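Enquirer: Supplied in structure tokens, the structure appears directly below.
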Amino acid sequence: MTKIGVFDSGVGGLTLLEEALRQRPQADYLFYADVDHVPYGLRTHEEILQYTDESVRFLIDHGCKCIVVACNTATAVAVDTLRRRYALPIVGIEPAVKSALAHHALRRVLVVATPVTLREEKLHRLLSRCPDHDMVDLHPLPQLVAMAEREDYDALPYLRRELAPYPPERYSEVVLGCTHFNYFRDSFLRLFPQAEVIDGAEGTIRRMCSLLPAGEGGAAGRVAYFFSGRPVTSPDELARLARRLERLRQMRAL
Ligand code: DGL
């Protein structure tokens, strides 16, 4: 059975693991959260490149035949280098700007992400290829990653302050450009009740599926979890991961 590596700086990557388990239940997954170095979004380009490379190499050494970089920040910095370095399929996630612009209906699009994702050239190249890119506003939310890591979901006061300059009625789409932000989908929907709150998870996993051998049968897949190279075996940690996956399922259903 194909082994797939899903990698993020932390628990944001569970957003993509959850989607992968829906679209491709019959695979084996290795989920790798680089918890020793989270948050990436406040680190330098060189640090992110190094940590991402170490994590991906770990997944390859442990038999993965396909890698999902379940982190917008790591994708922005490292995915092109990784693809040059390693021969296996590597799928990255980018803020879903194209899909937002396809639906914006003359209202604006707000992209929220880590400071690194918003600064990196990859996003600006993507925007420059979109005809309506002047309809897009970008805003970094540097504190949400740490809040998601500590299961603090009380983000409304922070988001209200940060997003005060963006009148909700002006926006038809809010793009969650960081996989950790999905834990707070309820708060974004409260602040932008008339907008679609979207992310790139579904399309990214569709792409992953298209790169895998078709028609593998068999039982439902297994997930092995690693924190910066250490296997997660403690029942408490595994229960926390299960709780986070459940939160993401609830957020997706809103
Ligand atoms: N989950 C990562 C992303 O999608 C961000 C994490 C971080 O700052 O570590 O951008």
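In the structure tokens, the first chain shown is A, the next is B, and so on; residue numbers restart at 1 for each chain, and ligands run from 1 in the order shown.
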Would you name the residues within 6 Å of ligand 1, counting only C-alpha atoms and all ligand atoms, and put them as JSON, numbers by chain?
Expert: {"A": [8, 9, 12, 38, 39, 40, 41, 71, 72, 73, 114, 145, 178, 179, 180]}
Enquirer: Which residues come within 9 Å of Leu141 in chain A, counting only C-alpha atoms, excluding same-chain residues fewer than 3 positions away, as a PyMOL selection string?
Expert: chain A and resi 112-115+144-145+159+162
Enquirer: Since we have the selection now, will you write its residues out, keeping all heavy atoms, as a PDB file, in the first residue's frame?
Expert:
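Written out: part.pdb:
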```
ATOM      1  N   VAL A 112      -5.486  35.793   4.385  1.00  0.00           N
ATOM      2  CA  VAL A 112      -4.757  35.821   5.657  1.00  0.00           C
ATOM      3  C   VAL A 112      -3.783  34.643   5.676  1.00  0.00           C
ATOM      4  O   VAL A 112      -4.119  33.552   5.218  1.00  0.00           O
ATOM      5  CB  VAL A 112      -5.719  35.779   6.866  1.00  0.00           C
ATOM      6  CG1 VAL A 112      -6.463  37.089   7.030  1.00  0.00           C
ATOM      7  CG2 VAL A 112      -6.718  34.623   6.765  1.00  0.00           C
ATOM      8  N   ALA A 113      -2.582  34.888   6.189  1.00  0.00           N
ATOM      9  CA  ALA A 113      -1.548  33.842   6.184  1.00  0.00           C
ATOM     10  C   ALA A 113      -0.455  34.248   7.154  1.00  0.00           C
ATOM     11  O   ALA A 113      -0.589  35.252   7.874  1.00  0.00           O
ATOM     12  CB  ALA A 113      -0.989  33.672   4.766  1.00  0.00           C
ATOM     13  N   THR A 114       0.641  33.484   7.155  1.00  0.00           N
ATOM     14  CA  THR A 114       1.772  33.870   8.007  1.00  0.00           C
ATOM     15  C   THR A 114       2.544  34.999   7.316  1.00  0.00           C
ATOM     16  O   THR A 114       2.449  35.161   6.094  1.00  0.00           O
ATOM     17  CB  THR A 114       2.734  32.686   8.244  1.00  0.00           C
ATOM     18  OG1 THR A 114       3.365  32.340   6.999  1.00  0.00           O
ATOM     19  CG2 THR A 114       2.026  31.474   8.820  1.00  0.00           C
ATOM     20  N   PRO A 115       3.326  35.762   8.086  1.00  0.00           N
ATOM     21  CA  PRO A 115       4.098  36.843   7.467  1.00  0.00           C
ATOM     22  C   PRO A 115       5.017  36.326   6.353  1.00  0.00           C
ATOM     23  O   PRO A 115       5.180  36.982   5.321  1.00  0.00           O
ATOM     24  CB  PRO A 115       4.921  37.409   8.624  1.00  0.00           C
ATOM     25  CG  PRO A 115       4.174  37.029   9.860  1.00  0.00           C
ATOM     26  CD  PRO A 115       3.478  35.738   9.553  1.00  0.00           C
ATOM     27  N   LEU A 144      -1.896  33.333  15.326  1.00  0.00           N
ATOM     28  CA  LEU A 144      -2.855  32.217  15.289  1.00  0.00           C
ATOM     29  C   LEU A 144      -2.194  30.843  15.342  1.00  0.00           C
ATOM     30  O   LEU A 144      -2.772  29.895  15.863  1.00  0.00           O
ATOM     31  CB  LEU A 144      -3.713  32.289  14.016  1.00  0.00           C
ATOM     32  CG  LEU A 144      -4.924  33.215  14.018  1.00  0.00           C
ATOM     33  CD1 LEU A 144      -5.793  32.912  12.805  1.00  0.00           C
ATOM     34  CD2 LEU A 144      -5.744  33.097  15.288  1.00  0.00           C
ATOM     35  N   VAL A 145      -0.991  30.734  14.785  1.00  0.00           N
ATOM     36  CA  VAL A 145      -0.325  29.422  14.760  1.00  0.00           C
ATOM     37  C   VAL A 145      -0.067  28.951  16.192  1.00  0.00           C
ATOM     38  O   VAL A 145      -0.408  27.816  16.564  1.00  0.00           O
ATOM     39  CB  VAL A 145       0.984  29.483  13.936  1.00  0.00           C
ATOM     40  CG1 VAL A 145       1.779  28.197  14.084  1.00  0.00           C
ATOM     41  CG2 VAL A 145       0.660  29.740  12.464  1.00  0.00           C
ATOM     42  N   LEU A 159      -8.746  38.476  16.355  1.00  0.00           N
ATOM     43  CA  LEU A 159      -9.104  38.662  14.941  1.00  0.00           C
ATOM     44  C   LEU A 159      -9.893  39.954  14.743  1.00  0.00           C
ATOM     45  O   LEU A 159      -9.714  40.645  13.737  1.00  0.00           O
ATOM     46  CB  LEU A 159      -9.910  37.460  14.434  1.00  0.00           C
ATOM     47  CG  LEU A 159      -9.113  36.164  14.304  1.00  0.00           C
ATOM     48  CD1 LEU A 159     -10.009  35.022  13.838  1.00  0.00           C
ATOM     49  CD2 LEU A 159      -7.946  36.342  13.329  1.00  0.00           C
ATOM     50  N   GLU A 162      -7.264  42.680  14.648  1.00  0.00           N
ATOM     51  CA  GLU A 162      -6.406  42.606  13.458  1.00  0.00           C
ATOM     52  C   GLU A 162      -7.154  42.948  12.174  1.00  0.00           C
ATOM     53  O   GLU A 162      -6.609  43.552  11.263  1.00  0.00           O
ATOM     54  CB  GLU A 162      -5.838  41.182  13.311  1.00  0.00           C
ATOM     55  CG  GLU A 162      -4.737  40.854  14.284  1.00  0.00           C
ATOM     56  CD  GLU A 162      -3.428  41.552  13.930  1.00  0.00           C
ATOM     57  OE1 GLU A 162      -3.161  41.769  12.738  1.00  0.00           O
ATOM     58  OE2 GLU A 162      -2.676  41.871  14.872  1.00  0.00           O
TER      59      GLU A 162
END
```
Enquirer: Could you list, as a list in words, every residue within 6 Å of range 227-239 of chain A, counting only C-alpha atoms and ignoring same-chain residues fewer than 3 positions away?
Expert: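 Those residues are Tyr32, Ala33, Asp34, Val35 and Ala242 of chain A.
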Enquirer: Since we have the selection now, will you write its residues out, keeping N, CA and C atoms, as an mmCIF file, in the first residue's frame?
Expert:
```cif
data_model
loop_
_atom_site.group_PDB
_atom_site.id
_atom_site.type_symbol
_atom_site.label_atom_id
_atom_site.label_comp_id
_atom_site.auth_asym_id
_atom_site.auth_seq_id
_atom_site.Cartn_x
_atom_site.Cartn_y
_atom_site.Cartn_z
ATOM 1 N N TYR A 32 3.945 14.125 9.932
ATOM 2 C CA TYR A 32 5.142 14.659 10.586
ATOM 3 C C TYR A 32 4.905 16.130 10.939
ATOM 4 N N ALA A 33 4.914 16.436 12.234
ATOM 5 C CA ALA A 33 4.793 17.830 12.685
ATOM 6 C C ALA A 33 6.140 18.236 13.279
ATOM 7 N N ASP A 34 6.716 19.297 12.743
ATOM 8 C CA ASP A 34 8.046 19.721 13.213
ATOM 9 C C ASP A 34 7.903 20.634 14.425
ATOM 10 N N VAL A 35 7.364 20.050 15.487
ATOM 11 C CA VAL A 35 6.987 20.848 16.674
ATOM 12 C C VAL A 35 8.183 21.517 17.353
ATOM 13 N N ALA A 242 -6.348 13.239 18.046
ATOM 14 C CA ALA A 242 -7.707 12.834 17.644
ATOM 15 C C ALA A 242 -8.691 13.974 17.909
#
```
Enquirer: How many Å lie between CA of Ile90 in chain A and CA of Leu42 in chain A, rounded to one decimal?
Expert: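 Straight-line distance from CA of Ile90 in chain A to CA of Leu42 in chain A works out to 23.7 Å.
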Enquirer: Just the alpha helix (DSSP H) stuff from range 56-196 of chain A, please, per backbone DSSP, written as a ChimeraX atom specification.
Expert: /A:56-61,72-85,97-102,115-119,121-128,144-149,156-162,185-191
Enquirer: Name the residues in contact with Arg22 in chain A at a cut-off of 12 Å, using only C-alpha atoms, excluding same-chain residues fewer than 5 positions from it; report them as a PyMOL selection string.
Expert: chain A and resi 15-17+27+201-202+205-206+209+220-221+245+249
Enquirer: Include N, CA and C atoms and write out the residues we just selected as a PDB file, in the first residue's frame.
Expert:
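The resulting again37.pdb:
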```pdb
ATOM      1  N   THR A  15      -5.149  19.437   8.901  1.00  0.00           N
ATOM      2  CA  THR A  15      -6.179  19.884   7.956  1.00  0.00           C
ATOM      3  C   THR A  15      -6.094  19.044   6.673  1.00  0.00           C
ATOM      4  N   LEU A  16      -4.873  18.840   6.201  1.00  0.00           N
ATOM      5  CA  LEU A  16      -4.693  18.082   4.958  1.00  0.00           C
ATOM      6  C   LEU A  16      -4.769  16.582   5.209  1.00  0.00           C
ATOM      7  N   LEU A  17      -4.305  16.151   6.363  1.00  0.00           N
ATOM      8  CA  LEU A  17      -4.434  14.726   6.682  1.00  0.00           C
ATOM      9  C   LEU A  17      -5.909  14.343   6.740  1.00  0.00           C
ATOM     10  N   ALA A  27      -4.877   4.322   2.177  1.00  0.00           N
ATOM     11  CA  ALA A  27      -3.427   4.543   2.042  1.00  0.00           C
ATOM     12  C   ALA A  27      -2.840   4.550   3.447  1.00  0.00           C
ATOM     13  N   ALA A 201      -7.229  23.045   0.783  1.00  0.00           N
ATOM     14  CA  ALA A 201      -7.024  21.639   1.165  1.00  0.00           C
ATOM     15  C   ALA A 201      -7.609  20.655   0.142  1.00  0.00           C
ATOM     16  N   GLU A 202      -8.842  20.898  -0.266  1.00  0.00           N
ATOM     17  CA  GLU A 202      -9.505  19.917  -1.130  1.00  0.00           C
ATOM     18  C   GLU A 202      -8.757  19.761  -2.467  1.00  0.00           C
ATOM     19  N   ILE A 205      -5.365  17.926  -2.098  1.00  0.00           N
ATOM     20  CA  ILE A 205      -5.471  16.472  -1.936  1.00  0.00           C
ATOM     21  C   ILE A 205      -5.967  15.820  -3.233  1.00  0.00           C
ATOM     22  N   ARG A 206      -6.793  16.549  -3.980  1.00  0.00           N
ATOM     23  CA  ARG A 206      -7.192  16.025  -5.303  1.00  0.00           C
ATOM     24  C   ARG A 206      -5.948  15.829  -6.165  1.00  0.00           C
ATOM     25  N   CYS A 209      -4.047  12.777  -5.048  1.00  0.00           N
ATOM     26  CA  CYS A 209      -4.677  11.538  -5.526  1.00  0.00           C
ATOM     27  C   CYS A 209      -4.333  11.300  -6.991  1.00  0.00           C
ATOM     28  N   ALA A 220      -8.997   0.314   5.483  1.00  0.00           N
ATOM     29  CA  ALA A 220      -8.757   1.734   5.753  1.00  0.00           C
ATOM     30  C   ALA A 220      -7.317   1.932   6.194  1.00  0.00           C
ATOM     31  N   GLY A 221      -6.754   3.069   5.791  1.00  0.00           N
ATOM     32  CA  GLY A 221      -5.339   3.307   6.025  1.00  0.00           C
ATOM     33  C   GLY A 221      -4.995   3.547   7.484  1.00  0.00           C
ATOM     34  N   LEU A 245      -8.279  16.578  15.188  1.00  0.00           N
ATOM     35  CA  LEU A 245      -8.913  16.139  13.930  1.00  0.00           C
ATOM     36  C   LEU A 245     -10.423  16.326  14.006  1.00  0.00           C
ATOM     37  N   ARG A 249     -12.893  18.596  11.646  1.00  0.00           N
ATOM     38  CA  ARG A 249     -14.111  18.091  10.985  1.00  0.00           C
ATOM     39  C   ARG A 249     -15.280  19.011  11.286  1.00  0.00           C
TER      40      ARG A 249
END
```
